[in-house]
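Comments concern the structure below.
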Number of protein chains: 2
Amino acid sequence: MPALPETAVGLRADARQNRDRIVEVARRLFADRGLDVPMAAIARHAGVGVATLYRRFPTKESLVTEVFADQFEACVSVVDDALADPDPWRGFCTAVEKVCGMQAADRGFGAAFVAAFPDAVDIERERDRAIQGFAELTRRAKATGRLRADFAPDDLALLLMANSGVITGSAGEAMAASRRLVAYLLSAFRAEQAEPLPPPAPLDLRDVLNARIRDGVRKE
Amino acid sequence: MPALPETAVGLRADARQNRDRIVEVARRLFADRGLDVPMAAIARHAGVGVATLYRRFPTKESLVTEVFADQFEACVSVVDDALADPDPWRGFCTAVEKVCGMQAADRGFGAAFVAAFPDAVDIERERDRAIQGFAELTRRAKATGRLRADFAPDDLALLLMANSGVITGSAGEAMAASRRLVAYLLSAFRAEQAEPLPPPAPLDLRDVLNARIRDGVRKE
DNA sequence: TGGTAAGTGGAGAGGATCGTCCACTTAACC
DNA sequence: GGTTAAGTGGACGATCCTCTCCACTTACCA
């Protein structure tokens with residue numbers, strides 16, 4: 001089945017060069033300014049016309065998917081590393097810190113993770129793997145008694161969404177804010193002082209993420 | 001100086017009725033769907049034409065300002081109540097819970113608080129009063145030894161931004177998520193287990209807020 | 001009751017963005 | 001070199017939003 005060029009094989013030399021430049025430029029712009037960079041701006045910075053851009057990536061979504069595919073992979077490997085750590089609690093903490101750091105460092109990544117692209121199968125699969133890995137990590141960390149017992153797996157969604165909320169202003173500010181928030185929350189997650197029990201009823205990460213994309217509800 | 005009708009005095013009877021209906025409808029729509037409800041939708045729901053809407057509120061910003069003026073007042077009075085509490089720590093906690101609850105209950109309020117409107121003098125003044133009140137509350141709560149000493153006044157900004165991040169999906173979900181996040185954070189703010197010291201360098205609430213409005217930076 | 005200024009609605013100007021079309025250019029292979 | 005299909009650019013259509021304009025209507029007071 002050679003019908004899926006998927007990445008960039010079988011392109012003419014100049015076309016491939018253009019494609020690579022587009023992805024590279026898009027990655028930079030998304031990181032700096034978030035996902036709402038106009039397609040025209042990306043094309044302009046890449047030194048191509050919009051048509052070229054749209055020929056490679058029929059929709060903006062597909063471009064975003066391509067651009068963040070490896071970021072999501074990195075995210076998964078962070079979780080894998082954490083699972084490999086002999087101390088689950090330490091693994092849990094570092095995983096949280098790393099992922100939130102990635103979110104803070106790359107505005108686009110944060111948005112992409114949170115925005116979820118329904119038909120971006122690859123991204124979704126990667127994301128789910130990461131989520132499941134985290135769930136496992138959570139289980140183990142609880143077993144050691146360091147992570148509070150009433151920590152819900154969906155509290156991870158809470159954490160990521162809260163983290164995305166503090167990402168504003170300059171990259172430096174965002175990082176500082178994120179780090180401080182994460183430190184606070186990790187301290188709250190420790191089993192030791194779990195004295196009062198916070199209200200339950202968290203949210204399902206997948207649902208929340210998938211809901212975000214729904215803007216087309218113009219209706220009445 | 002009778003040149004500032006300001007609210008609605010001196011309007012013809014029918015005009016006043018329309019104005020009131022507009023504000024009422026806008027409040028409801030903003031609460032449900034956030035601030036990006038189109039002006040046309042507001043006009044339609046209020047049963048008037050866009051021109052009528054724009055005659056009363058020359059800009060969308062001015063409508064938002066009017067709509068949330070009393071919400072901001074309520075916010076200030078929450079802080080005042082907290083200051084009146086003989087137990088500063090309890091006051092601190094309830095104030096945080098209430099304000100975050102308001103943010104979660106009214107999507108528009110959250111956005112308005114975070115978005116900041118440069119020329120909405122009234123809102124800004126109210127907001128600053130609330131911020132200063134909170135700073136005072138923080139000082140007192142620290143003095144009792146219940147609030148950790150390294151809590152920065154700007155951690156309030158962190159809290160509000162994180163809270164705005166978890167507000168998505170249905171109103172019920174948003175409220176549950178907000179409550180849980182606030183519980184976690186308040187627990188992290190307690191002096192008792194302040195064992196590790198989180199990184200510093202938080203953000204200034206006013207700066208952050210005022211920066212948000214800058215979208216007009218098209219440049220390059 | 002009638003004059004008039006205040007009030008009104010809806011079309012549309014102006015601007016931004018996603019995505020398409022099509023005549024032109026160029027890499028790649030014979 | 002020449003043929004040709006892949007590749008390209010920029011104008012353009014479609015949509016959505018804020019805000020303006022202007023001819024028409026109506027509340028209010030004498």
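A note on labels: chains of the structure tokens are A, B, ... as shown, every chain counts residues from 1, and ligands are counted from 1 in their shown order.
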
**OP:** Would you give me, as a list of chain:residue names, the residues of chain D that come within 12 Å of chain B, using only C-alpha atoms (C1' of nucleotides)?
**Re:** D:DC16, D:DC17, D:DT18, D:DC19, D:DT20, D:DC21, D:DC22, D:DT26, D:DA27, D:DC28

**OP:** Pick out each residue of segment 82-203 of chain B that DSSP on the backbone tags as helix (DSSP H, G or I); I need them as a PyMOL selection string.
**Re:** chain B and resi 82-84+88-105+107-115+121-143+155-165+171-189

**OP:** Considering only C-alpha atoms (C1' of nucleotides), return as a list in words whatever protein or nucleic-acid residues lie within 9 Å of Gly91 of chain B, sequence-local ones (same chain, fewer than 5 positions apart) excluded.
**Re:** Val79, Asp81, Ala82, Leu83, Ala84, Asp85, Pro86, Val96, Leu137 and Ala141 of chain B

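Using only C-alpha atoms (C1' of nucleotides), the residues found no farther than 6 Å from Val166 of chain B, other than those of its own chain fewer than 3 positions away, are A:Met161, A:Ala162, B:Asn163.
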
Just the selected residues (N, CA and C atoms), exported as a tab-separated table (two decimals), in the first residue's frame, please.
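What ended up in result_10.tsv:
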```
chain	number	residue	atom	x	y	z
A	161	MET	N	-5.06	21.60	32.81
A	161	MET	CA	-5.88	22.75	32.45
A	161	MET	C	-5.49	23.96	33.29
A	162	ALA	N	-5.26	23.73	34.58
A	162	ALA	CA	-4.82	24.83	35.43
A	162	ALA	C	-3.51	25.38	34.90
B	163	ASN	N	-7.36	28.91	37.88
B	163	ASN	CA	-8.80	28.65	37.99
B	163	ASN	C	-9.50	28.88	36.66
```

Original post:
Leaving out segment 63-78 of chain A and any residue of its chain fewer than 2 positions from it, which residues lie within 9 Å of it when counting only C-alpha atoms (C1' of nucleotides), given as a count of residues only?
Top reply: 37

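The spacing separating atom CA of Cys100 of chain B from atom CA of Thr138 of chain A amounts to 27.3 Å.
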
Subject >> DA11 of chain D environment, 12 Å, only C-alpha atoms (C1' of nucleotides), sequence neighbours closer than 2 positions dropped, as a PyMOL selection string >> reply: (chain A and resi 49-51) or (chain C and resi 20-23) or (chain D and resi 9+13)

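You will find atom CA of Gly165 of chain B at 6.0 Å from atom CA of Ser164 of chain A.
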
Original post:
Near chain B, which residues of chain C fall within 10 Å when you count only C-alpha atoms (C1' of nucleotides), and what do they look like as a ChimeraX atom specification?
Top reply: /C:6-10

Original post:
Got a sec: who's within 10 Å of Ala149 of chain A, counting only C-alpha atoms (C1' of nucleotides), leaving out chain neighbours fewer than 2 positions off, as number ranges by chain?
Top reply: A: 138-139, 141-143, 145-147, 151-152, 189-191, 194

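Here atom CA of Ile167 of chain A is placed at a distance of 16.2 Å from atom CA of Thr168 of chain B.
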
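Nearest-residue note for chain A: choosing from B:Leu185, B:Val9, B:Ala46, B:Cys93, the minimum distance belongs to B:Leu185, counting only C-alpha atoms.
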
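With distances restricted to only C-alpha atoms, B:Gly101 is the closest residue to Arg179 of chain B from B:Ala41, B:Gly101, B:Asp154, B:Glu192.
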